[in-house]
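Worksheet for the structure shown next.
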Amino acid sequence: MTSMNDYKQASPLSETVRYEERQGVALIVIDNPPVNGLGDTVRRGIAQGIVRAQANAAVKAVVLRGQGKVFCGGADIRQFNTAAATASPMLRQVNLSIERCTKPVVACIHGVALGGGLELALACHYRVADSSARMGLPEVNLGLVPGGGGTQRLPRLIGVADAARLITSGKHVGAKEALQLGLVDAIFEDDLEQACMAFALSMADSHPVLPVLADIQVPPPEGELPDFDRLHIGINPKARNAIAQRAAILCVKSAMDLPFEQGLDKERELFEELVAGEPSKSLRHMFFAEKEAAKFVGKDCDVAEGHICRVGILGAGTMGGGIAMAFANAGIPVVLCEREQAALDRGMALIERNYQISVSRGGLTAEAVKERMQHIQRTLDLSAFAEVDLVIEAVFEDMAVKRDVFVQLDRICRKGAILATNTSRLNINEIAAVTRRPNDVIGLHFFSPANVMKLLEVVRGELTADAVIARCMQMAVAIGKIPVLVGVCEGFVGNRMLTGYWREAGFLLEEGATVQQIDAAMQAFGFAMGPLAMADLAGLDINWATRKRLASTRASHLRYSRVADSICEQGRFGQKTGAGYYRYEAGNRTPISDPFVEALITDCAREAGIERRRVSDEEIVERCVLALVNEGARIVDEGIAQRASDVDVVYVNGYGFPAWRGGPMFYAQSLGWTQVLAKIRDLHTRHGEHWIVAPWIEKQALNDILAQP
Ligand code: NAI
């Protein structure tokens, strides 16, 4: 017999939310692919669904779920910076209307509930998940705090300490941990929707008083009260989102100290402050820039055809070993080939040691390491590459060696295999020219340590096929890298820009700055390392060799600092020789200032006829950063990078530029292009031809002027 409650009715509440009533349960279904983002129509639809469920006496309970792969991934990023993002009702109002519904509302969580998605679930009276669901409040990663009540409801639900940990770390938790924390009420394996409906009905029958988080006090913490000062001190001041983490702690403290509504107001106030500030703007810029960088639209092919299932790596040195780990970590089998047994053994021992460090730090289990090591097959026989889909060459940085290797690879590898080089500076077109398949040759410039660093410069040769580029970009994302497509030039994007950056550091030394002063000033700006400590880490001999190689192309009338060359002439190649710009004690990477280098700099200045003066930290930052900006602009002008934001992605992910400043190009834009232009012109007047302004900057400044009302 069909009861009145069994009737079925499915209808849209908005373009992106459906409503059904089944067996006395109202189902509100968010259907806004790809991640059911909380756009304006979703927010409106949910609010209307609650009103409808409330009004129908036949409805005993409400289930809120997501269509497709996830419950809800948070804000709809496509609406960022549009009027729709702030259209009424805002998430805060939607959440209050859910919370005030007099019938139990259950969030049915599968896939993910992240950011606003978890805040929505927190406003529901109950949360039910499947075992693979993941939940979190990752807003701090964008330099923000949750803005939909998450910082006020989460501490009321799971306690202050766990809430502070989740909100400040932005980390996701799995369903099992969520159950232990009390974040979800139950986990169901099969037919989540049906189980959730039954759960909702049983709550309606057995629990007349609904758990409304807004109405309860934050539970008193077990043991001592959390020490908020200690939580503040625990934040790494160098973290890209330190400001947001501090604000998150303030929000959680407000949940303890203030009534719910006032806590919500505090959360909103801090959110508004952060959203308008440069650090969050920069982090949001980076978020979109990284997504954009991975996109490739080719003329004949923009969708990668054919997955890369097996990879050959030639050379098991610093880079080859790290690259092998990067693939093994992603579960992609690798054949690692060396020219001699001793080098192969050394390479494998280093890989094993790196994995063991991860085990000792608790990052990996011994079983995981075993599995990863099994993905790395080792050989001295190049013919083992006959069946691989991609070869990455990581042998010595020597054109003759590379050419020889590519002739052999061309002979051995199957038709359609991609032949890549990890060269950091050599001309890929020259390497491709020794093969009969230049269309299949590409540069894949990994950064050291290759198993850790996320940046990958994908270097397009003159003849590289679009299909090959598309496959490499897709492969990069599959192994967790951030790919940036770049063109062939000396040093590609990242290392080319370093030339001007180091040039200015050398000039500043001659003019009167000290090694420590330059590094300290750049670190205070936010760089992970100063330019000179970084040079010591990278090895001064590599750049010395490049300078010698390019000496004949250098215009003789341009200023040239001999500081770096003189340091190398002393056999000081940086950390690896225990001395460079700094000196290093055995087994220790801490840079120690060295009067010998200061004397050497003074000599260089005297020989160049430079009268030393007091150099300010401000001048150091301005000259080093604007050198990056000017060269970055030239790179964009020449089409070596596809977009200015790609330059930012390279510098933040490969060179320690502070993410909260958004990369050199975004930073310059936030200074204002007219101001940047004026500063570079002034540097040109004072310091000469190295500072000829890039035409792209002039164009940006003109656009800014024309755009002014
Ligand atoms: P490395 O000197 O540590 O390793 C090179 C390895 O290649 C050695 O183990 C050597 O035995 C092996 N090898 C040489 N010729 C070979 C051949 N014909 N067949 C098989 N193996 C051969 O050098 P590293 O630092 O790993 O650099 C490799 C490449 O990666 C170079 O092109 C370098 O410019 C580039 N690169 C290096 C970076 C770094 O930070 N070290 C960063 C990015 C790129």
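We name chains A, B, ... following the order of the structure tokens; residues begin at 1 in each chain, and ligands are numbered from 1 as shown.
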Checklist entry - Can I get the residues close to ligand 1 as a PyMOL selection string, where close means within 8 Å and we count only C-alpha atoms and all ligand atoms? => result chain A and resi 314-321+337-340+343-344+347+380+393-398+401-402+404-405+421-426+445-449+538
Write to file, as a short mmCIF file (atom, residue, chain, number, x, y, z; two decimals), in the first residue's frame, the residues of the selection just made, with N, CA and C atoms.
```
data_model
loop_
_atom_site.label_atom_id
_atom_site.label_comp_id
_atom_site.auth_asym_id
_atom_site.auth_seq_id
_atom_site.Cartn_x
_atom_site.Cartn_y
_atom_site.Cartn_z
N LEU A 314 68.09 7.95 -18.22
CA LEU A 314 69.50 7.70 -18.51
C LEU A 314 70.37 8.58 -17.61
N GLY A 315 71.20 7.93 -16.80
CA GLY A 315 72.04 8.66 -15.84
C GLY A 315 71.41 8.57 -14.47
N ALA A 316 72.16 7.98 -13.52
CA ALA A 316 71.61 7.81 -12.16
C ALA A 316 72.32 8.74 -11.18
N GLY A 317 72.64 9.96 -11.66
CA GLY A 317 73.29 10.94 -10.77
C GLY A 317 72.25 11.68 -9.94
N THR A 318 72.61 12.90 -9.54
CA THR A 318 71.72 13.71 -8.70
C THR A 318 70.32 13.78 -9.29
N MET A 319 70.23 14.13 -10.58
CA MET A 319 68.92 14.34 -11.18
C MET A 319 68.24 13.03 -11.57
N GLY A 320 68.98 12.14 -12.22
CA GLY A 320 68.38 10.88 -12.68
C GLY A 320 67.73 10.12 -11.53
N GLY A 321 68.41 10.05 -10.39
CA GLY A 321 67.87 9.33 -9.23
C GLY A 321 66.58 9.97 -8.74
N CYS A 337 69.13 3.59 -16.34
CA CYS A 337 70.30 3.07 -17.04
C CYS A 337 71.53 3.94 -16.77
N GLU A 338 72.65 3.29 -16.50
CA GLU A 338 73.92 3.99 -16.27
C GLU A 338 74.99 3.43 -17.19
N ARG A 339 76.10 4.15 -17.25
CA ARG A 339 77.19 3.67 -18.13
C ARG A 339 78.11 2.71 -17.39
N GLU A 340 78.12 2.76 -16.06
CA GLU A 340 79.00 1.82 -15.34
C GLU A 340 78.36 1.40 -14.01
N ALA A 343 78.52 3.62 -10.77
CA ALA A 343 77.62 4.80 -10.77
C ALA A 343 76.18 4.37 -10.52
N LEU A 344 75.81 3.21 -11.10
CA LEU A 344 74.45 2.70 -10.91
C LEU A 344 74.23 2.34 -9.43
N GLY A 347 73.91 5.47 -7.40
CA GLY A 347 72.60 6.09 -7.62
C GLY A 347 71.50 5.37 -6.86
N LEU A 380 72.54 -1.63 -17.25
CA LEU A 380 73.67 -0.94 -17.90
C LEU A 380 73.50 -1.03 -19.41
N GLU A 393 66.75 11.87 -20.48
CA GLU A 393 68.22 11.82 -20.39
C GLU A 393 68.69 12.78 -19.31
N ALA A 394 69.51 12.28 -18.37
CA ALA A 394 70.06 13.14 -17.30
C ALA A 394 71.53 12.82 -17.13
N VAL A 395 72.28 12.86 -18.25
CA VAL A 395 73.73 12.62 -18.19
C VAL A 395 74.43 13.97 -18.05
N PHE A 396 75.77 13.98 -18.14
CA PHE A 396 76.51 15.22 -17.91
C PHE A 396 76.04 16.34 -18.83
N GLU A 397 76.18 17.59 -18.32
CA GLU A 397 75.77 18.76 -19.10
C GLU A 397 76.87 19.09 -20.12
N ASP A 398 76.94 18.29 -21.18
CA ASP A 398 77.99 18.46 -22.17
C ASP A 398 77.36 18.12 -23.52
N VAL A 401 78.39 14.87 -25.26
CA VAL A 401 77.87 13.66 -24.60
C VAL A 401 76.37 13.51 -24.91
N LYS A 402 75.64 14.61 -24.85
CA LYS A 402 74.19 14.56 -25.09
C LYS A 402 73.91 14.12 -26.53
N ASP A 404 75.76 12.36 -28.54
CA ASP A 404 76.10 10.94 -28.69
C ASP A 404 74.97 10.06 -28.14
N VAL A 405 74.47 10.45 -26.97
CA VAL A 405 73.41 9.69 -26.32
C VAL A 405 72.13 9.69 -27.17
N THR A 421 65.24 15.56 -22.77
CA THR A 421 66.50 15.87 -22.09
C THR A 421 66.21 16.75 -20.87
N ASN A 422 66.99 16.50 -19.82
CA ASN A 422 66.84 17.29 -18.60
C ASN A 422 67.85 18.44 -18.56
N THR A 423 68.42 18.75 -19.73
CA THR A 423 69.44 19.82 -19.73
C THR A 423 68.90 21.09 -19.09
N SER A 424 69.79 21.82 -18.38
CA SER A 424 69.31 23.06 -17.78
C SER A 424 69.63 24.27 -18.64
N ARG A 425 70.54 24.11 -19.61
CA ARG A 425 70.88 25.29 -20.40
C ARG A 425 71.16 25.02 -21.88
N LEU A 426 71.38 23.75 -22.25
CA LEU A 426 71.82 23.50 -23.63
C LEU A 426 70.66 23.62 -24.61
N HIS A 445 62.76 19.85 -17.93
CA HIS A 445 63.74 20.40 -16.98
C HIS A 445 63.19 20.29 -15.56
N PHE A 446 63.62 19.20 -14.89
CA PHE A 446 63.24 18.99 -13.48
C PHE A 446 64.15 19.85 -12.61
N PHE A 447 63.74 20.09 -11.38
CA PHE A 447 64.53 20.87 -10.44
C PHE A 447 64.99 19.98 -9.30
N SER A 448 66.10 20.32 -8.72
CA SER A 448 66.71 19.46 -7.70
C SER A 448 66.22 19.84 -6.30
N PRO A 449 65.86 18.91 -5.42
CA PRO A 449 65.75 17.46 -5.65
C PRO A 449 64.46 17.12 -6.42
N ALA A 538 73.75 25.76 -5.23
CA ALA A 538 73.65 25.23 -6.60
C ALA A 538 75.03 24.82 -7.14
#
```
Checklist entry - Mind checking DSSP for region 152-308 of chain A and telling me the helix (DSSP H, G or I) residues as number ranges by chain? => result A: 152-158, 160-169, 175-181, 192-206, 213-215, 228-233, 242-257, 260-276, 278-293
Name the residues in contact with Thr499 (chain A) at a cut-off of 10 Å, using only C-alpha atoms, excluding same-chain residues fewer than 5 positions from it; report them as an mmCIF file with N, CA and C atoms, in the first residue's frame.
```cif
data_model
loop_
_atom_site.group_PDB
_atom_site.id
_atom_site.type_symbol
_atom_site.label_atom_id
_atom_site.label_comp_id
_atom_site.auth_asym_id
_atom_site.auth_seq_id
_atom_site.Cartn_x
_atom_site.Cartn_y
_atom_site.Cartn_z
ATOM 1 N N GLU A 490 68.733 30.616 -23.798
ATOM 2 C CA GLU A 490 69.766 30.360 -22.806
ATOM 3 C C GLU A 490 69.144 30.359 -21.396
ATOM 4 N N GLY A 491 69.085 29.195 -20.755
ATOM 5 C CA GLY A 491 68.585 29.098 -19.384
ATOM 6 C C GLY A 491 67.071 28.972 -19.266
ATOM 7 N N GLY A 494 63.550 30.095 -15.899
ATOM 8 C CA GLY A 494 64.057 30.268 -14.533
ATOM 9 C C GLY A 494 65.518 30.664 -14.492
ATOM 10 N N GLU A 504 73.039 41.673 -10.529
ATOM 11 C CA GLU A 504 72.827 42.808 -9.621
ATOM 12 C C GLU A 504 73.446 42.522 -8.255
ATOM 13 N N ALA A 505 73.335 41.260 -7.777
ATOM 14 C CA ALA A 505 73.938 40.920 -6.482
ATOM 15 C C ALA A 505 75.444 41.171 -6.548
ATOM 16 N N ASN A 543 77.799 27.933 -13.077
ATOM 17 C CA ASN A 543 77.639 29.255 -13.707
ATOM 18 C C ASN A 543 78.959 29.767 -14.274
ATOM 19 N N ARG A 547 79.447 31.130 -17.919
ATOM 20 C CA ARG A 547 80.002 32.461 -18.250
ATOM 21 C C ARG A 547 81.168 32.338 -19.224
ATOM 22 N N ALA A 627 65.369 43.333 -11.512
ATOM 23 C CA ALA A 627 66.140 42.617 -12.544
ATOM 24 C C ALA A 627 65.351 41.383 -12.983
ATOM 25 N N LEU A 628 64.715 40.700 -12.015
ATOM 26 C CA LEU A 628 63.876 39.541 -12.360
ATOM 27 C C LEU A 628 62.682 39.987 -13.199
ATOM 28 N N GLU A 631 63.631 41.000 -16.879
ATOM 29 C CA GLU A 631 63.947 39.849 -17.728
ATOM 30 C C GLU A 631 62.692 38.992 -17.951
#
```
Checklist entry - How many Å lie between CA of Cys604 (chain A) and CA of Leu626 (chain A), rounded to one decimal? => result 24.4 Å
Next on the checklist: At a cut-off of 10 Å, using only C-alpha atoms, what residues contact Ala579 (chain A)? Leave out same-chain residues fewer than 5 positions from it and give the result as a PyMOL selection string.
Outcome noted: chain A and resi 536+540+567-568+570-574+584-585+591-592+594+597
Checklist entry - What are the DSSP strand (DSSP E or B) residues of region 276-344 of chain A, as an MDAnalysis selection string? => result chainID A and resid 311:314 334:337
The selected residues should be written to file as a PDB file, in the first residue's frame (atoms: N, CA and C atoms).
```pdb
ATOM      1  N   VAL A 311      58.817   4.413 -18.257  1.00  0.00           N
ATOM      2  CA  VAL A 311      59.764   5.496 -18.522  1.00  0.00           C
ATOM      3  C   VAL A 311      61.201   4.984 -18.412  1.00  0.00           C
ATOM      4  N   GLY A 312      62.051   5.418 -19.329  1.00  0.00           N
ATOM      5  CA  GLY A 312      63.478   5.110 -19.244  1.00  0.00           C
ATOM      6  C   GLY A 312      64.217   6.359 -18.769  1.00  0.00           C
ATOM      7  N   ILE A 313      65.140   6.202 -17.833  1.00  0.00           N
ATOM      8  CA  ILE A 313      65.926   7.352 -17.368  1.00  0.00           C
ATOM      9  C   ILE A 313      67.400   7.033 -17.553  1.00  0.00           C
ATOM     10  N   LEU A 314      68.094   7.946 -18.216  1.00  0.00           N
ATOM     11  CA  LEU A 314      69.502   7.700 -18.509  1.00  0.00           C
ATOM     12  C   LEU A 314      70.366   8.581 -17.613  1.00  0.00           C
ATOM     13  N   VAL A 334      59.888   2.411 -13.979  1.00  0.00           N
ATOM     14  CA  VAL A 334      61.030   3.132 -14.535  1.00  0.00           C
ATOM     15  C   VAL A 334      62.158   2.146 -14.820  1.00  0.00           C
ATOM     16  N   VAL A 335      62.885   2.375 -15.932  1.00  0.00           N
ATOM     17  CA  VAL A 335      64.132   1.637 -16.158  1.00  0.00           C
ATOM     18  C   VAL A 335      65.254   2.666 -16.030  1.00  0.00           C
ATOM     19  N   LEU A 336      66.165   2.443 -15.083  1.00  0.00           N
ATOM     20  CA  LEU A 336      67.233   3.407 -14.831  1.00  0.00           C
ATOM     21  C   LEU A 336      68.536   2.853 -15.395  1.00  0.00           C
ATOM     22  N   CYS A 337      69.126   3.594 -16.345  1.00  0.00           N
ATOM     23  CA  CYS A 337      70.302   3.072 -17.045  1.00  0.00           C
ATOM     24  C   CYS A 337      71.530   3.944 -16.770  1.00  0.00           C
TER      25      CYS A 337
END
```
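When only C-alpha atoms are used to compute distances to Val441 (chain A), the closest of the residues A:Gly66, A:Gly672, A:Pro709, A:Gly416 turns out to be A:Gly416.
Using only C-alpha atoms, the nearest neighbour of Phe271 (chain A) within the list A:Val218, A:Ala247, A:Leu210, A:Val173 is A:Ala247.
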Checklist entry - Which residues, written as number ranges by chain, have at least one atom at most 12 Å from Glu269 (chain A), with only C-alpha atoms counted and residues fewer than 5 positions away on the same chain left out? => result A: 144-149, 247-248, 250-251, 254, 262-264, 274-276
Next on the checklist: List as a list in words the protein and nucleic acid residues near Arg606 (chain A), meaning an atom at most 12 Å away when only C-alpha atoms are counted, but skip any in the same chain fewer than 5 places from it.
Outcome noted: Leu509, Glu510, Glu511, Gly512, Ser561, Arg562, Val563, Ala599, Leu600, Ile601, Glu611 and Arg612 of chain A
Take the selection from the previous step and output its residues with C-alpha atoms, as a PDB file, in the first residue's frame.
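This is the output file part-v4.pdb:
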```
ATOM      1  CA  LEU A 509      78.751  43.634  -3.575  1.00  0.00           C
ATOM      2  CA  GLU A 510      81.256  45.748  -5.489  1.00  0.00           C
ATOM      3  CA  GLU A 511      79.368  48.923  -4.628  1.00  0.00           C
ATOM      4  CA  GLY A 512      79.538  48.273  -0.892  1.00  0.00           C
ATOM      5  CA  SER A 561      81.517  42.037 -12.088  1.00  0.00           C
ATOM      6  CA  ARG A 562      84.527  39.772 -11.553  1.00  0.00           C
ATOM      7  CA  VAL A 563      83.481  38.813  -8.017  1.00  0.00           C
ATOM      8  CA  ALA A 599      88.702  41.245   0.981  1.00  0.00           C
ATOM      9  CA  LEU A 600      88.350  39.684  -2.446  1.00  0.00           C
ATOM     10  CA  ILE A 601      85.245  41.799  -3.154  1.00  0.00           C
ATOM     11  CA  GLU A 611      84.202  53.687  -4.887  1.00  0.00           C
ATOM     12  CA  ARG A 612      82.375  51.693  -2.230  1.00  0.00           C
TER      13      ARG A 612
END
```
Using only C-alpha atoms, which protein or nucleic acid residues come within 7 Å of region 109-115 of chain A? Drop anything in the same chain fewer than 5 positions from it, and give the result as an mmCIF file with C-alpha atoms, in the first residue's frame.
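Result file follows (part.cif):
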```cif
data_model
loop_
_atom_site.group_PDB
_atom_site.id
_atom_site.type_symbol
_atom_site.label_atom_id
_atom_site.label_comp_id
_atom_site.auth_asym_id
_atom_site.auth_seq_id
_atom_site.Cartn_x
_atom_site.Cartn_y
_atom_site.Cartn_z
ATOM 1 C CA ARG A 65 23.685 15.423 -0.994
ATOM 2 C CA LYS A 69 31.749 12.450 -7.646
ATOM 3 C CA VAL A 70 31.620 14.699 -4.580
ATOM 4 C CA PHE A 71 29.359 16.207 -1.935
ATOM 5 C CA CYS A 72 30.708 19.749 -2.333
ATOM 6 C CA GLY A 73 34.168 21.148 -3.100
ATOM 7 C CA GLY A 74 33.529 24.624 -1.626
ATOM 8 C CA VAL A 128 26.981 10.810 7.441
ATOM 9 C CA ALA A 129 29.815 9.771 5.107
ATOM 10 C CA ASP A 130 31.051 6.893 3.028
ATOM 11 C CA SER A 132 36.350 7.132 1.150
ATOM 12 C CA ALA A 133 35.072 10.645 1.907
ATOM 13 C CA ARG A 134 37.571 13.383 2.780
ATOM 14 C CA MET A 135 36.843 16.569 4.687
ATOM 15 C CA GLY A 136 38.720 19.757 5.484
ATOM 16 C CA LEU A 137 38.834 23.533 5.635
ATOM 17 C CA PRO A 138 41.708 24.410 3.261
ATOM 18 C CA GLU A 139 41.026 28.178 3.117
ATOM 19 C CA PRO A 146 36.682 29.956 6.372
#
```
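When only C-alpha atoms are used to compute distances to Phe527 (chain A), the closest of the residues A:Ser593, A:Phe492, A:Thr674, A:Lys238 turns out to be A:Lys238.
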